[in-house]
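Trainee: My structure file final.txt, compact mmCIF, N, CA and C atoms, is below:
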# COMPACT_ATOMS: atom_id res chain seq x y z
N MET A 1 -46.61 33.75 -119.56
CA MET A 1 -45.79 34.88 -119.98
C MET A 1 -44.45 34.88 -119.26
N ILE A 2 -44.49 34.68 -117.95
CA ILE A 2 -43.24 34.74 -117.18
C ILE A 2 -42.35 33.55 -117.53
N ASP A 3 -42.94 32.35 -117.64
CA ASP A 3 -42.15 31.16 -117.98
C ASP A 3 -41.45 31.31 -119.33
N ALA A 4 -42.10 31.99 -120.25
CA ALA A 4 -41.51 32.19 -121.58
C ALA A 4 -40.46 33.29 -121.57
N GLY A 5 -40.36 34.02 -120.47
CA GLY A 5 -39.39 35.10 -120.39
C GLY A 5 -39.85 36.36 -121.08
N LYS A 6 -41.13 36.41 -121.42
CA LYS A 6 -41.66 37.58 -122.12
C LYS A 6 -42.89 38.10 -121.37
N ILE A 7 -42.86 39.36 -121.06
CA ILE A 7 -44.01 40.00 -120.43
C ILE A 7 -44.33 41.23 -121.27
N PRO A 8 -45.19 41.05 -122.29
CA PRO A 8 -45.53 42.19 -123.15
C PRO A 8 -46.23 43.28 -122.36
N HIS A 9 -45.76 44.50 -122.54
CA HIS A 9 -46.28 45.64 -121.79
C HIS A 9 -47.79 45.80 -122.01
N THR A 10 -48.24 45.77 -123.24
CA THR A 10 -49.65 46.00 -123.54
C THR A 10 -50.52 44.92 -122.92
N GLU A 11 -50.11 43.67 -123.05
CA GLU A 11 -50.89 42.56 -122.51
C GLU A 11 -50.93 42.63 -120.98
N THR A 12 -49.80 42.94 -120.36
CA THR A 12 -49.74 43.05 -118.91
C THR A 12 -50.65 44.17 -118.42
N ARG A 13 -50.62 45.29 -119.10
CA ARG A 13 -51.46 46.43 -118.73
C ARG A 13 -52.93 46.06 -118.83
N GLU A 14 -53.31 45.39 -119.91
CA GLU A 14 -54.71 44.98 -120.09
C GLU A 14 -55.15 44.01 -119.00
N GLU A 15 -54.28 43.07 -118.64
CA GLU A 15 -54.61 42.11 -117.59
C GLU A 15 -54.74 42.81 -116.23
N LEU A 16 -53.85 43.74 -115.95
CA LEU A 16 -53.90 44.50 -114.70
C LEU A 16 -55.19 45.31 -114.62
N LEU A 17 -55.52 46.01 -115.69
CA LEU A 17 -56.75 46.82 -115.70
C LEU A 17 -57.99 45.94 -115.57
N ALA A 18 -57.97 44.77 -116.19
CA ALA A 18 -59.10 43.85 -116.06
C ALA A 18 -59.26 43.37 -114.63
N ALA A 19 -58.14 43.08 -113.97
CA ALA A 19 -58.19 42.63 -112.57
C ALA A 19 -58.70 43.76 -111.66
N ILE A 20 -58.22 44.96 -111.88
CA ILE A 20 -58.69 46.10 -111.08
C ILE A 20 -60.18 46.33 -111.31
N THR A 21 -60.61 46.24 -112.57
CA THR A 21 -62.02 46.42 -112.89
C THR A 21 -62.89 45.39 -112.18
N ALA A 22 -62.44 44.14 -112.15
CA ALA A 22 -63.20 43.09 -111.46
C ALA A 22 -63.33 43.40 -109.97
N ILE A 23 -62.27 43.88 -109.36
CA ILE A 23 -62.31 44.24 -107.94
C ILE A 23 -63.24 45.42 -107.71
N LEU A 24 -63.13 46.45 -108.55
CA LEU A 24 -64.00 47.63 -108.41
C LEU A 24 -65.46 47.26 -108.61
N ASP A 25 -65.74 46.42 -109.61
CA ASP A 25 -67.12 46.02 -109.88
C ASP A 25 -67.71 45.24 -108.70
N ALA A 26 -66.92 44.32 -108.15
CA ALA A 26 -67.40 43.53 -107.01
C ALA A 26 -67.63 44.43 -105.79
N GLY A 27 -66.71 45.33 -105.53
CA GLY A 27 -66.86 46.25 -104.40
C GLY A 27 -68.02 47.19 -104.57
N SER A 28 -68.24 47.66 -105.78
CA SER A 28 -69.36 48.54 -106.06
C SER A 28 -70.69 47.80 -105.92
N ALA A 29 -70.75 46.58 -106.43
CA ALA A 29 -71.97 45.76 -106.33
C ALA A 29 -72.30 45.47 -104.87
N ALA A 30 -71.28 45.31 -104.03
CA ALA A 30 -71.49 45.06 -102.60
C ALA A 30 -71.82 46.33 -101.83
N GLY A 31 -71.67 47.48 -102.49
CA GLY A 31 -71.94 48.75 -101.82
C GLY A 31 -70.78 49.25 -100.98
N ASP A 32 -69.61 48.65 -101.14
CA ASP A 32 -68.46 49.03 -100.33
C ASP A 32 -67.54 50.04 -101.02
N LEU A 33 -67.50 50.01 -102.35
CA LEU A 33 -66.61 50.89 -103.10
C LEU A 33 -67.41 51.84 -103.98
N ARG A 34 -66.86 53.01 -104.19
CA ARG A 34 -67.49 54.01 -105.05
C ARG A 34 -67.64 53.44 -106.45
N ASP A 35 -68.65 53.92 -107.16
CA ASP A 35 -68.88 53.44 -108.52
C ASP A 35 -68.44 54.45 -109.58
N ASP A 36 -67.78 55.51 -109.15
CA ASP A 36 -67.36 56.55 -110.09
C ASP A 36 -65.85 56.57 -110.30
N VAL A 37 -65.18 55.46 -110.00
CA VAL A 37 -63.72 55.36 -110.14
C VAL A 37 -63.42 54.28 -111.17
N SER A 38 -62.51 54.57 -112.08
CA SER A 38 -62.16 53.59 -113.11
C SER A 38 -60.87 52.86 -112.77
N ALA A 39 -60.66 51.76 -113.44
CA ALA A 39 -59.41 51.02 -113.28
C ALA A 39 -58.22 51.89 -113.67
N GLU A 40 -58.40 52.73 -114.66
CA GLU A 40 -57.34 53.66 -115.08
C GLU A 40 -56.98 54.61 -113.94
N ASP A 41 -57.99 55.07 -113.19
CA ASP A 41 -57.73 55.96 -112.05
C ASP A 41 -56.87 55.25 -111.01
N ILE A 42 -57.23 54.01 -110.71
CA ILE A 42 -56.50 53.25 -109.70
C ILE A 42 -55.07 52.98 -110.18
N ALA A 43 -54.93 52.58 -111.44
CA ALA A 43 -53.60 52.31 -111.98
C ALA A 43 -52.73 53.56 -111.91
N ALA A 44 -53.30 54.71 -112.24
CA ALA A 44 -52.54 55.96 -112.17
C ALA A 44 -52.12 56.26 -110.74
N GLY A 45 -53.02 56.04 -109.79
CA GLY A 45 -52.69 56.25 -108.38
C GLY A 45 -51.57 55.33 -107.91
N LEU A 46 -51.65 54.06 -108.32
CA LEU A 46 -50.61 53.11 -107.93
C LEU A 46 -49.26 53.47 -108.54
N ILE A 47 -49.28 53.88 -109.79
CA ILE A 47 -48.03 54.29 -110.44
C ILE A 47 -47.43 55.48 -109.71
N GLY A 48 -48.27 56.43 -109.34
CA GLY A 48 -47.79 57.58 -108.58
C GLY A 48 -47.17 57.18 -107.26
N ILE A 49 -47.85 56.29 -106.55
CA ILE A 49 -47.32 55.83 -105.25
C ILE A 49 -45.99 55.13 -105.44
N PHE A 50 -45.91 54.23 -106.41
CA PHE A 50 -44.67 53.49 -106.63
C PHE A 50 -43.55 54.39 -107.12
N THR A 51 -43.93 55.48 -107.80
CA THR A 51 -42.92 56.42 -108.30
C THR A 51 -42.32 57.24 -107.15
N VAL A 52 -43.15 57.72 -106.25
CA VAL A 52 -42.64 58.59 -105.19
C VAL A 52 -42.19 57.82 -103.95
N ALA A 53 -42.62 56.57 -103.81
CA ALA A 53 -42.26 55.80 -102.60
C ALA A 53 -41.94 54.36 -102.97
N GLY A 54 -41.08 54.20 -103.95
CA GLY A 54 -40.78 52.86 -104.43
C GLY A 54 -39.55 52.20 -103.84
N ARG A 55 -38.78 52.94 -103.08
CA ARG A 55 -37.55 52.37 -102.50
C ARG A 55 -37.87 51.67 -101.18
N PRO A 56 -37.10 50.66 -100.82
CA PRO A 56 -37.36 49.93 -99.57
C PRO A 56 -37.44 50.82 -98.34
N GLU A 57 -36.63 51.84 -98.28
CA GLU A 57 -36.65 52.72 -97.11
C GLU A 57 -37.90 53.61 -97.06
N GLN A 58 -38.70 53.58 -98.11
CA GLN A 58 -39.93 54.36 -98.17
C GLN A 58 -41.17 53.50 -97.94
N HIS A 59 -40.97 52.31 -97.40
CA HIS A 59 -42.08 51.38 -97.19
C HIS A 59 -43.21 52.00 -96.37
N ALA A 60 -42.89 52.69 -95.29
CA ALA A 60 -43.92 53.29 -94.44
C ALA A 60 -44.71 54.35 -95.21
N GLN A 61 -44.03 55.15 -96.00
CA GLN A 61 -44.72 56.16 -96.79
C GLN A 61 -45.62 55.50 -97.83
N ALA A 62 -45.13 54.47 -98.49
CA ALA A 62 -45.95 53.76 -99.48
C ALA A 62 -47.20 53.18 -98.82
N ALA A 63 -47.05 52.63 -97.63
CA ALA A 63 -48.20 52.07 -96.92
C ALA A 63 -49.23 53.15 -96.60
N ARG A 64 -48.75 54.31 -96.17
CA ARG A 64 -49.68 55.42 -95.86
C ARG A 64 -50.41 55.87 -97.12
N LEU A 65 -49.69 55.99 -98.22
CA LEU A 65 -50.29 56.43 -99.47
C LEU A 65 -51.30 55.40 -99.99
N LEU A 66 -50.98 54.12 -99.86
CA LEU A 66 -51.93 53.08 -100.26
C LEU A 66 -53.18 53.12 -99.39
N ASN A 67 -53.01 53.39 -98.10
CA ASN A 67 -54.18 53.52 -97.21
C ASN A 67 -55.05 54.70 -97.63
N LEU A 68 -54.41 55.81 -98.00
CA LEU A 68 -55.18 56.96 -98.48
C LEU A 68 -55.97 56.61 -99.74
N LEU A 69 -55.33 55.91 -100.66
CA LEU A 69 -56.00 55.50 -101.89
C LEU A 69 -57.19 54.60 -101.56
N MET A 70 -56.99 53.63 -100.70
CA MET A 70 -58.07 52.71 -100.34
C MET A 70 -59.19 53.44 -99.61
N ASP A 71 -58.86 54.34 -98.70
CA ASP A 71 -59.88 55.11 -98.00
C ASP A 71 -60.71 55.94 -98.98
N GLY A 72 -60.07 56.46 -99.99
CA GLY A 72 -60.77 57.25 -100.99
C GLY A 72 -61.70 56.44 -101.86
N LEU A 73 -61.50 55.14 -101.93
CA LEU A 73 -62.36 54.28 -102.74
C LEU A 73 -63.63 53.87 -102.02
N ARG A 74 -63.61 53.93 -100.70
CA ARG A 74 -64.75 53.46 -99.91
C ARG A 74 -65.94 54.41 -100.04
N VAL A 75 -67.11 53.83 -100.09
CA VAL A 75 -68.34 54.62 -100.09
C VAL A 75 -68.47 55.26 -98.72
N GLN A 76 -68.76 56.54 -98.71
CA GLN A 76 -68.95 57.23 -97.43
C GLN A 76 -70.38 57.00 -96.95
N ARG A 77 -70.51 56.45 -95.80
CA ARG A 77 -71.82 56.26 -95.17
C ARG A 77 -72.21 57.60 -94.52
N PRO A 78 -73.48 57.86 -94.35
CA PRO A 78 -73.90 59.14 -93.76
C PRO A 78 -73.21 59.46 -92.43
N GLN A 79 -73.04 58.49 -91.55
CA GLN A 79 -72.37 58.74 -90.27
C GLN A 79 -70.91 59.11 -90.47
N GLN A 80 -70.23 58.47 -91.42
CA GLN A 80 -68.84 58.78 -91.70
C GLN A 80 -68.70 60.21 -92.19
N ALA A 81 -69.59 60.61 -93.08
CA ALA A 81 -69.52 61.97 -93.62
C ALA A 81 -69.72 62.99 -92.52
N LEU A 82 -70.65 62.72 -91.60
CA LEU A 82 -70.89 63.65 -90.50
C LEU A 82 -69.71 63.73 -89.56
N SER A 83 -69.10 62.59 -89.24
CA SER A 83 -67.98 62.60 -88.30
C SER A 83 -66.76 63.28 -88.88
N ARG A 84 -66.59 63.22 -90.18
CA ARG A 84 -65.45 63.90 -90.82
C ARG A 84 -65.68 65.40 -90.91
N ALA A 85 -66.95 65.81 -90.98
CA ALA A 85 -67.25 67.24 -91.09
C ALA A 85 -67.21 67.94 -89.74
N ALA A 86 -67.33 67.17 -88.67
CA ALA A 86 -67.33 67.78 -87.32
C ALA A 86 -65.95 68.33 -86.98
N PRO A 87 -65.90 69.47 -86.28
CA PRO A 87 -64.61 70.08 -85.94
C PRO A 87 -63.83 69.30 -84.92
Could I get this structure in the form of structure tokens?
Mentor:
Amino acid sequence: MIDAGKIPHTETREELLAAITAILDAGSAAGDLRDDVSAEDIAAGLIGIFTVAGRPEQHAQAARLLNLLMDGLRVQRPQQALSRAAP
């Protein structure tokens, strides 16, 4: 696609969603990622992050937002849930 100078929006979107789905499926099968999140959810989150923190001077903010997104994808283990609930 890139060599031809054409990157069709629909095809690119489908390839991106397929790649995200493969990552989510592998993480879910390993027990590391939640199984109730879709590729569409992740894509929407990424678009939001890139929209609000897409400039070079916002790199630190983008990194923090990406960390929040990744933390939200992780399965909470019982000990993690207890430690977050403690005052």
Trainee: In terms of the shortest atom-to-atom distance over all atoms listed in the file, which of A:Ala29, A:Ile23, A:Leu69, A:Gln61 is closest to Gly45 in chain A?
Mentor: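 Closest to Gly45 in chain A, using all atoms listed in the file: A:Leu69.
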Trainee: Can you pull out the residues contacting Leu24 in chain A? Cut-off 10 Å, using only C-alpha atoms, and skip same-chain residues under 2 positions away; I want them as a PDB file with N, CA and C atoms, keeping the file's coordinate frame.
Mentor:
ATOM      1  N   ALA A  18     -57.970  44.770-116.190  1.00  0.00           N
ATOM      2  CA  ALA A  18     -59.100  43.850-116.060  1.00  0.00           C
ATOM      3  C   ALA A  18     -59.260  43.370-114.630  1.00  0.00           C
ATOM      4  N   ALA A  19     -58.140  43.080-113.970  1.00  0.00           N
ATOM      5  CA  ALA A  19     -58.190  42.630-112.570  1.00  0.00           C
ATOM      6  C   ALA A  19     -58.700  43.760-111.660  1.00  0.00           C
ATOM      7  N   ILE A  20     -58.220  44.960-111.880  1.00  0.00           N
ATOM      8  CA  ILE A  20     -58.690  46.100-111.080  1.00  0.00           C
ATOM      9  C   ILE A  20     -60.180  46.330-111.310  1.00  0.00           C
ATOM     10  N   THR A  21     -60.610  46.240-112.570  1.00  0.00           N
ATOM     11  CA  THR A  21     -62.020  46.420-112.890  1.00  0.00           C
ATOM     12  C   THR A  21     -62.890  45.390-112.180  1.00  0.00           C
ATOM     13  N   ALA A  22     -62.440  44.140-112.150  1.00  0.00           N
ATOM     14  CA  ALA A  22     -63.200  43.090-111.460  1.00  0.00           C
ATOM     15  C   ALA A  22     -63.330  43.400-109.970  1.00  0.00           C
ATOM     16  N   ALA A  26     -66.920  44.320-108.150  1.00  0.00           N
ATOM     17  CA  ALA A  26     -67.400  43.530-107.010  1.00  0.00           C
ATOM     18  C   ALA A  26     -67.630  44.430-105.790  1.00  0.00           C
ATOM     19  N   GLY A  27     -66.710  45.330-105.530  1.00  0.00           N
ATOM     20  CA  GLY A  27     -66.860  46.250-104.400  1.00  0.00           C
ATOM     21  C   GLY A  27     -68.020  47.190-104.570  1.00  0.00           C
ATOM     22  N   SER A  28     -68.240  47.660-105.780  1.00  0.00           N
ATOM     23  CA  SER A  28     -69.360  48.540-106.060  1.00  0.00           C
ATOM     24  C   SER A  28     -70.690  47.800-105.920  1.00  0.00           C
ATOM     25  N   ALA A  29     -70.750  46.580-106.430  1.00  0.00           N
ATOM     26  CA  ALA A  29     -71.970  45.760-106.330  1.00  0.00           C
ATOM     27  C   ALA A  29     -72.300  45.470-104.870  1.00  0.00           C
ATOM     28  N   ALA A  30     -71.280  45.310-104.030  1.00  0.00           N
ATOM     29  CA  ALA A  30     -71.490  45.060-102.600  1.00  0.00           C
ATOM     30  C   ALA A  30     -71.820  46.330-101.830  1.00  0.00           C
ATOM     31  N   ASP A  32     -69.610  48.650-101.140  1.00  0.00           N
ATOM     32  CA  ASP A  32     -68.460  49.030-100.330  1.00  0.00           C
ATOM     33  C   ASP A  32     -67.540  50.040-101.020  1.00  0.00           C
ATOM     34  N   LEU A  33     -67.500  50.010-102.350  1.00  0.00           N
ATOM     35  CA  LEU A  33     -66.610  50.890-103.100  1.00  0.00           C
ATOM     36  C   LEU A  33     -67.410  51.840-103.980  1.00  0.00           C
ATOM     37  N   ARG A  34     -66.860  53.010-104.190  1.00  0.00           N
ATOM     38  CA  ARG A  34     -67.490  54.010-105.050  1.00  0.00           C
ATOM     39  C   ARG A  34     -67.640  53.440-106.450  1.00  0.00           C
ATOM     40  N   ASP A  35     -68.650  53.920-107.160  1.00  0.00           N
ATOM     41  CA  ASP A  35     -68.880  53.440-108.520  1.00  0.00           C
ATOM     42  C   ASP A  35     -68.440  54.450-109.580  1.00  0.00           C
ATOM     43  N   ASP A  36     -67.780  55.510-109.150  1.00  0.00           N
ATOM     44  CA  ASP A  36     -67.360  56.550-110.090  1.00  0.00           C
ATOM     45  C   ASP A  36     -65.850  56.570-110.300  1.00  0.00           C
ATOM     46  N   VAL A  37     -65.180  55.460-110.000  1.00  0.00           N
ATOM     47  CA  VAL A  37     -63.720  55.360-110.140  1.00  0.00           C
ATOM     48  C   VAL A  37     -63.420  54.280-111.170  1.00  0.00           C
ATOM     49  N   SER A  38     -62.510  54.570-112.080  1.00  0.00           N
ATOM     50  CA  SER A  38     -62.160  53.590-113.110  1.00  0.00           C
ATOM     51  C   SER A  38     -60.870  52.860-112.770  1.00  0.00           C
ATOM     52  N   ALA A  39     -60.660  51.760-113.440  1.00  0.00           N
ATOM     53  CA  ALA A  39     -59.410  51.020-113.280  1.00  0.00           C
ATOM     54  C   ALA A  39     -58.220  51.890-113.670  1.00  0.00           C
ATOM     55  N   ILE A  42     -57.230  54.010-110.710  1.00  0.00           N
ATOM     56  CA  ILE A  42     -56.500  53.250-109.700  1.00  0.00           C
ATOM     57  C   ILE A  42     -55.070  52.980-110.180  1.00  0.00           C
ATOM     58  N   LEU A  73     -61.500  55.140-101.930  1.00  0.00           N
ATOM     59  CA  LEU A  73     -62.360  54.280-102.740  1.00  0.00           C
ATOM     60  C   LEU A  73     -63.630  53.870-102.020  1.00  0.00           C
TER      61      LEU A  73
END
Trainee: For Gly31 in chain A, please output as an mmCIF file with N, CA and C atoms, in the frame of the given file all residues within 8 Å (counting all atoms listed in the file; exclusion window: fewer than 6 positions along the same chain).
Mentor:
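As written to disk, around03.cif reads:
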data_model
loop_
_atom_site.group_PDB
_atom_site.id
_atom_site.type_symbol
_atom_site.label_atom_id
_atom_site.label_comp_id
_atom_site.auth_asym_id
_atom_site.auth_seq_id
_atom_site.Cartn_x
_atom_site.Cartn_y
_atom_site.Cartn_z
ATOM 1 N N ASP A 25 -65.740 46.420 -109.610
ATOM 2 C CA ASP A 25 -67.120 46.020 -109.880
ATOM 3 C C ASP A 25 -67.710 45.240 -108.700
ATOM 4 N N ARG A 74 -63.610 53.930 -100.700
ATOM 5 C CA ARG A 74 -64.750 53.460 -99.910
ATOM 6 C C ARG A 74 -65.940 54.410 -100.040
ATOM 7 N N VAL A 75 -67.110 53.830 -100.090
ATOM 8 C CA VAL A 75 -68.340 54.620 -100.090
ATOM 9 C C VAL A 75 -68.470 55.260 -98.720
ATOM 10 N N GLN A 76 -68.760 56.540 -98.710
ATOM 11 C CA GLN A 76 -68.950 57.230 -97.430
ATOM 12 C C GLN A 76 -70.380 57.000 -96.950
#
Trainee: Out of A:Asp41, A:Leu16, A:His9, A:Thr51, which residue has the shortest atom-to-atom distance to Leu65 in chain A when counting only C-alpha atoms?
Mentor: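 Checking each candidate against Leu65 in chain A, we get A:Thr51 as the closest.
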Trainee: Between CA of Ala62 in chain A and CA of Ala44 in chain A, what distance in Å does the model show, to one decimal?
Mentor: 14.5 Å
Trainee: Where in chain A does DSSP assign helix (DSSP H, G or I), given as a PyMOL selection string?
Mentor: chain A and resi 9-29+39-52+56-73+78-85
Trainee: Could you tell me how far CA of Leu46 in chain A sits from CA of Arg13 in chain A, in Å to one decimal place?
Mentor: 12.7 Å
Trainee: What is the distance, in Å and to one decimal place, between atom C of Arg64 in chain A and atom C of Arg77 in chain A?
Mentor: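 Distance reported for this atom pair: 22.0 Å.
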Trainee: Give the padded box for range 13-29 of chain A as JSON: axis-aligned, covering all atoms listed in the file, 3 Å on each side, centre and edge lengths in Å to one decimal.
Mentor:
{"center_x": -61.5, "center_y": 45.3, "center_z": -112.2, "size_x": 27.7, "size_y": 12.4, "size_z": 21.7}
Trainee: Since the input has fewer atoms than a full residue there, write range 20-39 of chain A out with N, CA, C and O atoms, as a compact mmCIF listing (two decimals), in the frame of the given file.
Mentor:
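Final file, out01.txt:
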# COMPACT_ATOMS: atom_id res chain seq x y z
N ILE A 20 -58.22 44.96 -111.88
CA ILE A 20 -58.69 46.10 -111.08
C ILE A 20 -60.18 46.33 -111.31
O ILE A 20 -60.94 46.59 -110.37
N THR A 21 -60.61 46.24 -112.57
CA THR A 21 -62.02 46.42 -112.89
C THR A 21 -62.89 45.39 -112.18
O THR A 21 -63.95 45.73 -111.63
N ALA A 22 -62.44 44.14 -112.15
CA ALA A 22 -63.20 43.09 -111.46
C ALA A 22 -63.33 43.40 -109.97
O ALA A 22 -64.41 43.23 -109.39
N ILE A 23 -62.27 43.88 -109.36
CA ILE A 23 -62.31 44.24 -107.94
C ILE A 23 -63.24 45.42 -107.71
O ILE A 23 -64.07 45.42 -106.79
N LEU A 24 -63.13 46.45 -108.55
CA LEU A 24 -64.00 47.63 -108.41
C LEU A 24 -65.46 47.26 -108.61
O LEU A 24 -66.33 47.72 -107.86
N ASP A 25 -65.74 46.42 -109.61
CA ASP A 25 -67.12 46.02 -109.88
C ASP A 25 -67.71 45.24 -108.70
O ASP A 25 -68.84 45.48 -108.29
N ALA A 26 -66.92 44.32 -108.15
CA ALA A 26 -67.40 43.53 -107.01
C ALA A 26 -67.63 44.43 -105.79
O ALA A 26 -68.64 44.30 -105.10
N GLY A 27 -66.71 45.33 -105.53
CA GLY A 27 -66.86 46.25 -104.40
C GLY A 27 -68.02 47.19 -104.57
O GLY A 27 -68.74 47.50 -103.61
N SER A 28 -68.24 47.66 -105.78
CA SER A 28 -69.36 48.54 -106.06
C SER A 28 -70.69 47.80 -105.92
O SER A 28 -71.64 48.31 -105.32
N ALA A 29 -70.75 46.58 -106.43
CA ALA A 29 -71.97 45.76 -106.33
C ALA A 29 -72.30 45.47 -104.87
O ALA A 29 -73.48 45.42 -104.49
N ALA A 30 -71.28 45.31 -104.03
CA ALA A 30 -71.49 45.06 -102.60
C ALA A 30 -71.82 46.33 -101.83
O ALA A 30 -72.19 46.27 -100.66
N GLY A 31 -71.67 47.48 -102.49
CA GLY A 31 -71.94 48.75 -101.82
C GLY A 31 -70.78 49.25 -100.98
O GLY A 31 -70.95 50.18 -100.20
N ASP A 32 -69.61 48.65 -101.14
CA ASP A 32 -68.46 49.03 -100.33
C ASP A 32 -67.54 50.04 -101.02
O ASP A 32 -66.85 50.80 -100.35
N LEU A 33 -67.50 50.01 -102.35
CA LEU A 33 -66.61 50.89 -103.10
C LEU A 33 -67.41 51.84 -103.98
O LEU A 33 -68.49 51.49 -104.47
N ARG A 34 -66.86 53.01 -104.19
CA ARG A 34 -67.49 54.01 -105.05
C ARG A 34 -67.64 53.44 -106.45
O ARG A 34 -66.84 52.63 -106.91
N ASP A 35 -68.65 53.92 -107.16
CA ASP A 35 -68.88 53.44 -108.52
C ASP A 35 -68.44 54.45 -109.58
O ASP A 35 -68.67 54.25 -110.76
N ASP A 36 -67.78 55.51 -109.15
CA ASP A 36 -67.36 56.55 -110.09
C ASP A 36 -65.85 56.57 -110.30
O ASP A 36 -65.29 57.56 -110.76
N VAL A 37 -65.18 55.46 -110.00
CA VAL A 37 -63.72 55.36 -110.14
C VAL A 37 -63.42 54.28 -111.17
O VAL A 37 -64.02 53.21 -111.15
N SER A 38 -62.51 54.57 -112.08
CA SER A 38 -62.16 53.59 -113.11
C SER A 38 -60.87 52.86 -112.77
O SER A 38 -60.08 53.32 -111.93
N ALA A 39 -60.66 51.76 -113.44
CA ALA A 39 -59.41 51.02 -113.28
C ALA A 39 -58.22 51.89 -113.67
O ALA A 39 -57.15 51.81 -113.05
